[in-house]
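Novice: Handing you a structure now.
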Amino acid sequence: AIIPICGGTHMPEYIRRLKRVPVWCFHGDEDAVVPIVESEKIVEVLKEMGGDVKFTIYPGVGHDSWTETYLNRDIYEWLLNHKRIRNTPVEIDENLLKLYSGTYRSQTGLVISFVCEDAGLKIRFDDMEGPVLNAASENEFYHDEYARDLITFETGQGKEPGVYFNGMFLKKEE
């Protein structure tokens, strides 16, 4: 779990990486250093993804939101009530694995391939072999039992076929 105070990001695509991390944001509504809209963006994206997110706004407070936050005994109990997520493999249809197999490219030129192997997907970066990914759900995969950032495939109607990998979207090549 994390408690960002006066947070924000210039790379909103990386917010996806927090989908499975409990987040409690704090921000003063009169913050002139980091405008409150920055925390609002993060909270909105996390809520849209179904993330575990809370948001506390301090009325009349500028950039010093940490003093009131650290004096709040509830944050310590909240932090200690969360445990690290352990991924559990699930079996999925081999046809889905075949559907996800292929080469994917980001807008920046990163190329990753996925190959159906051992009831999972083997990942390749150029000529470098990567691990076999385990399925966490029908479209989410992980490389480590404690990985927080899942590799998520998009194939639904109206969606461009691709994969979210480390916060980036890579489009599937035909």
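All residue names refer to the structure tokens as shown: chains lettered A, B, ... in order, residues numbered from 1 in each chain, ligands numbered from 1 in order.
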Near segment 103-114 of chain A, within 6 Å and counting only C-alpha atoms, which residues show up once chain neighbours fewer than 6 positions away are dropped, as an NGL selection string?

Specialist: :A and (121-125 or 170-173)

Novice: Since we have the selection now, will you write its residues out, keeping all heavy atoms, as a PDB file, in the first residue's frame?

Specialist:
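The resulting file, again31.pdb, is reproduced below:
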```
ATOM      1  N   LEU A 121       2.850 -18.320 -21.586  1.00  0.00           N
ATOM      2  CA  LEU A 121       3.413 -17.555 -22.693  1.00  0.00           C
ATOM      3  C   LEU A 121       4.873 -17.257 -22.392  1.00  0.00           C
ATOM      4  O   LEU A 121       5.187 -16.725 -21.333  1.00  0.00           O
ATOM      5  CB  LEU A 121       2.663 -16.232 -22.881  1.00  0.00           C
ATOM      6  CG  LEU A 121       1.266 -16.314 -23.450  1.00  0.00           C
ATOM      7  CD1 LEU A 121       0.605 -14.935 -23.412  1.00  0.00           C
ATOM      8  CD2 LEU A 121       1.287 -16.832 -24.871  1.00  0.00           C
ATOM      9  N   LYS A 122       5.750 -17.605 -23.317  1.00  0.00           N
ATOM     10  CA  LYS A 122       7.164 -17.275 -23.175  1.00  0.00           C
ATOM     11  C   LYS A 122       7.361 -15.908 -23.820  1.00  0.00           C
ATOM     12  O   LYS A 122       6.869 -15.635 -24.904  1.00  0.00           O
ATOM     13  CB  LYS A 122       8.053 -18.306 -23.847  1.00  0.00           C
ATOM     14  CG  LYS A 122       9.523 -18.017 -23.608  1.00  0.00           C
ATOM     15  CD  LYS A 122      10.345 -19.262 -23.855  1.00  0.00           C
ATOM     16  CE  LYS A 122      11.752 -19.047 -23.421  1.00  0.00           C
ATOM     17  NZ  LYS A 122      12.035 -19.584 -22.123  1.00  0.00           N
ATOM     18  N   ILE A 123       8.081 -15.049 -23.143  1.00  0.00           N
ATOM     19  CA  ILE A 123       8.315 -13.698 -23.638  1.00  0.00           C
ATOM     20  C   ILE A 123       9.721 -13.606 -24.223  1.00  0.00           C
ATOM     21  O   ILE A 123      10.658 -14.215 -23.706  1.00  0.00           O
ATOM     22  CB  ILE A 123       8.089 -12.662 -22.501  1.00  0.00           C
ATOM     23  CG1 ILE A 123       8.151 -11.243 -23.022  1.00  0.00           C
ATOM     24  CG2 ILE A 123       9.052 -12.881 -21.360  1.00  0.00           C
ATOM     25  CD1 ILE A 123       7.690 -10.205 -22.010  1.00  0.00           C
ATOM     26  N   ARG A 124       9.844 -12.857 -25.328  1.00  0.00           N
ATOM     27  CA  ARG A 124      11.135 -12.651 -25.987  1.00  0.00           C
ATOM     28  C   ARG A 124      11.302 -11.161 -26.300  1.00  0.00           C
ATOM     29  O   ARG A 124      10.374 -10.521 -26.780  1.00  0.00           O
ATOM     30  CB  ARG A 124      11.223 -13.437 -27.296  1.00  0.00           C
ATOM     31  CG  ARG A 124      11.304 -14.919 -27.108  1.00  0.00           C
ATOM     32  CD  ARG A 124      11.667 -15.604 -28.429  1.00  0.00           C
ATOM     33  NE  ARG A 124      11.795 -17.031 -28.193  1.00  0.00           N
ATOM     34  CZ  ARG A 124      11.104 -17.952 -28.839  1.00  0.00           C
ATOM     35  NH1 ARG A 124      10.259 -17.605 -29.775  1.00  0.00           N
ATOM     36  NH2 ARG A 124      11.277 -19.220 -28.554  1.00  0.00           N
ATOM     37  N   PHE A 125      12.491 -10.667 -26.020  1.00  0.00           N
ATOM     38  CA  PHE A 125      12.859  -9.296 -26.359  1.00  0.00           C
ATOM     39  C   PHE A 125      13.942  -9.396 -27.423  1.00  0.00           C
ATOM     40  O   PHE A 125      15.056  -9.833 -27.118  1.00  0.00           O
ATOM     41  CB  PHE A 125      13.438  -8.555 -25.151  1.00  0.00           C
ATOM     42  CG  PHE A 125      12.532  -8.534 -23.961  1.00  0.00           C
ATOM     43  CD1 PHE A 125      12.616  -9.508 -22.988  1.00  0.00           C
ATOM     44  CD2 PHE A 125      11.585  -7.540 -23.825  1.00  0.00           C
ATOM     45  CE1 PHE A 125      11.787  -9.490 -21.889  1.00  0.00           C
ATOM     46  CE2 PHE A 125      10.747  -7.518 -22.724  1.00  0.00           C
ATOM     47  CZ  PHE A 125      10.848  -8.493 -21.752  1.00  0.00           C
ATOM     48  N   LEU A 170       1.598  -1.811 -26.290  1.00  0.00           N
ATOM     49  CA  LEU A 170       2.252  -2.297 -27.499  1.00  0.00           C
ATOM     50  C   LEU A 170       1.185  -2.888 -28.410  1.00  0.00           C
ATOM     51  O   LEU A 170       0.365  -3.715 -27.975  1.00  0.00           O
ATOM     52  CB  LEU A 170       3.298  -3.377 -27.188  1.00  0.00           C
ATOM     53  CG  LEU A 170       4.558  -2.889 -26.459  1.00  0.00           C
ATOM     54  CD1 LEU A 170       4.368  -2.871 -24.959  1.00  0.00           C
ATOM     55  CD2 LEU A 170       5.719  -3.760 -26.824  1.00  0.00           C
ATOM     56  N   LYS A 171       1.176  -2.459 -29.643  1.00  0.00           N
ATOM     57  CA  LYS A 171       0.170  -2.888 -30.617  1.00  0.00           C
ATOM     58  C   LYS A 171       0.615  -4.194 -31.251  1.00  0.00           C
ATOM     59  O   LYS A 171       1.792  -4.368 -31.602  1.00  0.00           O
ATOM     60  CB  LYS A 171       0.007  -1.809 -31.686  1.00  0.00           C
ATOM     61  CG  LYS A 171      -1.020  -2.103 -32.722  1.00  0.00           C
ATOM     62  CD  LYS A 171      -1.111  -0.965 -33.725  1.00  0.00           C
ATOM     63  CE  LYS A 171      -2.049  -1.338 -34.853  1.00  0.00           C
ATOM     64  NZ  LYS A 171      -2.102  -0.277 -35.870  1.00  0.00           N
ATOM     65  N   LYS A 172      -0.338  -5.109 -31.430  1.00  0.00           N
ATOM     66  CA  LYS A 172      -0.022  -6.384 -32.063  1.00  0.00           C
ATOM     67  C   LYS A 172       0.194  -6.176 -33.556  1.00  0.00           C
ATOM     68  O   LYS A 172      -0.590  -5.506 -34.221  1.00  0.00           O
ATOM     69  CB  LYS A 172      -1.134  -7.414 -31.827  1.00  0.00           C
ATOM     70  CG  LYS A 172      -0.769  -8.805 -32.325  1.00  0.00           C
ATOM     71  CD  LYS A 172      -1.751  -9.842 -31.866  1.00  0.00           C
ATOM     72  CE  LYS A 172      -1.257 -11.232 -32.238  1.00  0.00           C
ATOM     73  NZ  LYS A 172      -2.190 -12.262 -31.804  1.00  0.00           N
ATOM     74  N   GLU A 173       1.291  -6.734 -34.062  1.00  0.00           N
ATOM     75  CA  GLU A 173       1.601  -6.643 -35.481  1.00  0.00           C
ATOM     76  C   GLU A 173       0.843  -7.733 -36.223  1.00  0.00           C
ATOM     77  O   GLU A 173       0.659  -8.828 -35.720  1.00  0.00           O
ATOM     78  CB  GLU A 173       3.108  -6.768 -35.728  1.00  0.00           C
ATOM     79  CG  GLU A 173       3.870  -5.590 -35.142  1.00  0.00           C
ATOM     80  CD  GLU A 173       5.340  -5.625 -35.481  1.00  0.00           C
ATOM     81  OE1 GLU A 173       5.867  -6.700 -35.840  1.00  0.00           O
ATOM     82  OE2 GLU A 173       5.969  -4.558 -35.387  1.00  0.00           O
TER      83      GLU A 173
END
```

Novice: Skip Tyr58 of chain A itself and residues of its chain fewer than 3 positions away, then list as a list in words all residues within 7 Å of it, counting only C-alpha atoms.

Specialist: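 Here the answer would be His27, Gly28, Asp29 and Val61 of chain A.
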
Novice: Restricted to C-alpha atoms, what would the selected residues look like written as a PDB file, in the first residue's frame?

Specialist:
```
ATOM      1  CA  HIS A  27      -3.683  16.731  -1.267  1.00  0.00           C
ATOM      2  CA  GLY A  28      -4.375  20.299  -0.160  1.00  0.00           C
ATOM      3  CA  ASP A  29      -6.936  22.097  -2.293  1.00  0.00           C
ATOM      4  CA  VAL A  61      -4.153  23.670   2.809  1.00  0.00           C
TER       5      VAL A  61
END
```

Novice: My list of candidates is A:Ile42, A:Ile57, A:Ile3, A:Met128. Which is closest to Tyr70 of chain A when distances are computed with only C-alpha atoms?

Specialist: A:Ile3

Novice: Skip Gly50 of chain A itself and residues of its chain fewer than 4 positions away, then list as a list of chain:residue names all residues within 10 Å of it, counting only C-alpha atoms.

Specialist: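 Result of the neighbour search: A:Lys19, A:Arg20, A:Glu44, A:Val45, A:Leu46.
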
Novice: Report the residues of chain A whose backbone DSSP state falls under alpha helix (DSSP H), written as a PyMOL selection string.

Specialist: chain A and resi 36-48+66-71+73-80+94-100

Novice: For the residues selected in the previous step, produce a file with C-alpha atoms as an mmCIF file, in the first residue's frame.

Specialist:
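Okay, this is what ended up in again.cif:
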```cif
data_model
loop_
_atom_site.group_PDB
_atom_site.id
_atom_site.type_symbol
_atom_site.label_atom_id
_atom_site.label_comp_id
_atom_site.auth_asym_id
_atom_site.auth_seq_id
_atom_site.Cartn_x
_atom_site.Cartn_y
_atom_site.Cartn_z
ATOM 1 C CA ILE A 36 -4.673 19.180 -6.877
ATOM 2 C CA VAL A 37 -5.721 18.170 -10.403
ATOM 3 C CA GLU A 38 -2.584 15.987 -10.523
ATOM 4 C CA SER A 39 -3.818 13.773 -7.679
ATOM 5 C CA GLU A 40 -7.351 13.866 -9.080
ATOM 6 C CA LYS A 41 -6.068 12.385 -12.373
ATOM 7 C CA ILE A 42 -4.386 9.501 -10.569
ATOM 8 C CA VAL A 43 -7.465 8.778 -8.450
ATOM 9 C CA GLU A 44 -9.769 8.904 -11.497
ATOM 10 C CA VAL A 45 -7.657 6.429 -13.512
ATOM 11 C CA LEU A 46 -7.341 4.040 -10.561
ATOM 12 C CA LYS A 47 -11.101 4.129 -9.958
ATOM 13 C CA GLU A 48 -11.792 3.445 -13.656
ATOM 14 C CA TRP A 66 2.226 15.792 4.915
ATOM 15 C CA THR A 67 1.974 17.322 8.413
ATOM 16 C CA GLU A 68 -1.731 16.588 8.763
ATOM 17 C CA THR A 69 -1.336 13.218 6.994
ATOM 18 C CA TYR A 70 1.442 11.951 9.277
ATOM 19 C CA LEU A 71 -0.517 13.091 12.358
ATOM 20 C CA ARG A 73 -3.240 7.678 13.181
ATOM 21 C CA ASP A 74 -5.645 6.021 10.723
ATOM 22 C CA ILE A 75 -3.015 5.920 7.955
ATOM 23 C CA TYR A 76 -0.735 3.662 9.983
ATOM 24 C CA GLU A 77 -3.516 1.195 10.714
ATOM 25 C CA TRP A 78 -4.614 1.364 7.064
ATOM 26 C CA LEU A 79 -1.086 0.659 5.821
ATOM 27 C CA LEU A 80 -0.623 -2.269 8.199
ATOM 28 C CA GLU A 94 -4.874 -22.898 -25.128
ATOM 29 C CA ASN A 95 -6.750 -21.011 -27.875
ATOM 30 C CA LEU A 96 -6.384 -17.825 -25.828
ATOM 31 C CA LEU A 97 -2.642 -18.424 -25.529
ATOM 32 C CA LYS A 98 -2.478 -18.825 -29.306
ATOM 33 C CA LEU A 99 -4.512 -15.626 -29.740
ATOM 34 C CA TYR A 100 -2.014 -13.698 -27.585
#
```

Novice: Restricting the calculation to only C-alpha atoms: of A:Pro12, A:Pro89, A:Gly62, A:Pro161, which residue gets closest to Val34 of chain A?

Specialist: A:Gly62

Novice: Residues at most 6 Å from Thr152 of chain A, counting only C-alpha atoms, excluding those fewer than 3 positions away in the same chain, as a list of chain:residue names?

Specialist: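 Listing them by chain and then by number gives A:Asn139, A:Glu140, A:Val163, A:Tyr164.
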
Novice: Output all heavy atoms for every residue in the selection just made, as an mmCIF file, in the first residue's frame.

Specialist:
```cif
data_model
loop_
_atom_site.group_PDB
_atom_site.id
_atom_site.type_symbol
_atom_site.label_atom_id
_atom_site.label_comp_id
_atom_site.auth_asym_id
_atom_site.auth_seq_id
_atom_site.Cartn_x
_atom_site.Cartn_y
_atom_site.Cartn_z
ATOM 1 N N ASN A 139 -6.808 -12.785 -19.301
ATOM 2 C CA ASN A 139 -6.017 -11.850 -20.107
ATOM 3 C C ASN A 139 -4.866 -11.195 -19.341
ATOM 4 O O ASN A 139 -4.218 -10.295 -19.854
ATOM 5 C CB ASN A 139 -6.915 -10.766 -20.706
ATOM 6 C CG ASN A 139 -7.410 -9.774 -19.676
ATOM 7 O OD1 ASN A 139 -7.710 -10.146 -18.545
ATOM 8 N ND2 ASN A 139 -7.497 -8.525 -20.065
ATOM 9 N N GLU A 140 -4.591 -11.645 -18.122
ATOM 10 C CA GLU A 140 -3.506 -11.073 -17.325
ATOM 11 C C GLU A 140 -2.482 -12.154 -16.979
ATOM 12 O O GLU A 140 -2.843 -13.255 -16.579
ATOM 13 C CB GLU A 140 -4.050 -10.466 -16.037
ATOM 14 C CG GLU A 140 -4.975 -9.283 -16.274
ATOM 15 C CD GLU A 140 -5.558 -8.747 -14.986
ATOM 16 O OE1 GLU A 140 -6.062 -9.541 -14.174
ATOM 17 O OE2 GLU A 140 -5.502 -7.524 -14.801
ATOM 18 N N VAL A 163 -1.025 -5.224 -25.974
ATOM 19 C CA VAL A 163 -0.672 -5.654 -24.633
ATOM 20 C C VAL A 163 -0.150 -4.456 -23.846
ATOM 21 O O VAL A 163 0.545 -3.599 -24.393
ATOM 22 C CB VAL A 163 0.382 -6.795 -24.674
ATOM 23 C CG1 VAL A 163 1.678 -6.341 -25.314
ATOM 24 C CG2 VAL A 163 0.630 -7.377 -23.295
ATOM 25 N N TYR A 164 -0.519 -4.386 -22.560
ATOM 26 C CA TYR A 164 0.062 -3.406 -21.651
ATOM 27 C C TYR A 164 1.217 -4.089 -20.940
ATOM 28 O O TYR A 164 1.035 -5.107 -20.278
ATOM 29 C CB TYR A 164 -0.963 -2.909 -20.626
ATOM 30 C CG TYR A 164 -1.942 -1.935 -21.214
ATOM 31 C CD1 TYR A 164 -3.187 -2.360 -21.653
ATOM 32 C CD2 TYR A 164 -1.615 -0.591 -21.347
ATOM 33 C CE1 TYR A 164 -4.089 -1.465 -22.210
ATOM 34 C CE2 TYR A 164 -2.502 0.313 -21.899
ATOM 35 C CZ TYR A 164 -3.736 -0.139 -22.326
ATOM 36 O OH TYR A 164 -4.619 0.752 -22.870
#
```

Novice: What is the distance between atom CA of Glu117 of chain A and atom CA of Leu133 of chain A, in Å to one decimal?

Specialist: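 Pair atom CA of Glu117 of chain A / atom CA of Leu133 of chain A returns 9.1 Å.
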
Novice: Would you please give, as a count of residues only, all residues of segment 19-168 of chain A that DSSP assigns to strand (DSSP E or B) based on the backbone?

Specialist: 49

Novice: For atom CA of Ala1 of chain A and atom CA of Tyr146 of chain A, quote the distance in Å rounded to one decimal.

Specialist: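 It comes out at 13.8 Å.
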
Novice: List the neighbours of Thr88 of chain A out to 9 Å using only C-alpha atoms; skip same-chain residues closer than 5 positions along the sequence, and give me the result as JSON, numbers by chain.

Specialist: {"A": [134, 135, 136, 145]}

Novice: Pick out the closest residue to His82 of chain A from this set: A:Gly167, A:Gly8, A:Pro22, A:Gly60. Count only C-alpha atoms.

Specialist: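 Closest to His82 of chain A, using only C-alpha atoms: A:Pro22.
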
Novice: Measuring between only C-alpha atoms, which one of A:Arg16, A:Gly130, A:Asp64, A:Glu174 shows the shortest distance to Val33 of chain A?

Specialist: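 Of all the options, A:Asp64 lies closest to Val33 of chain A.
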
Novice: So which one's closest to Thr155 of chain A, A:Tyr142, A:Asn72, A:Ser101, A:Gly120? Using only C-alpha atoms, please.

Specialist: A:Ser101

Novice: What is the distance between atom CA of Pro4 of chain A and atom CA of Val53 of chain A, in Å to one decimal?

Specialist: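 Calculated distance between atom CA of Pro4 of chain A and atom CA of Val53 of chain A is 11.0 Å.
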
Novice: Which residue out of A:Cys116, A:Asn166, A:Glu160, A:Glu13 has the minimum interatomic distance to Ala147 of chain A when only C-alpha atoms are used?

Specialist: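 Answer, going by the shortest atom-to-atom distance: A:Asn166.
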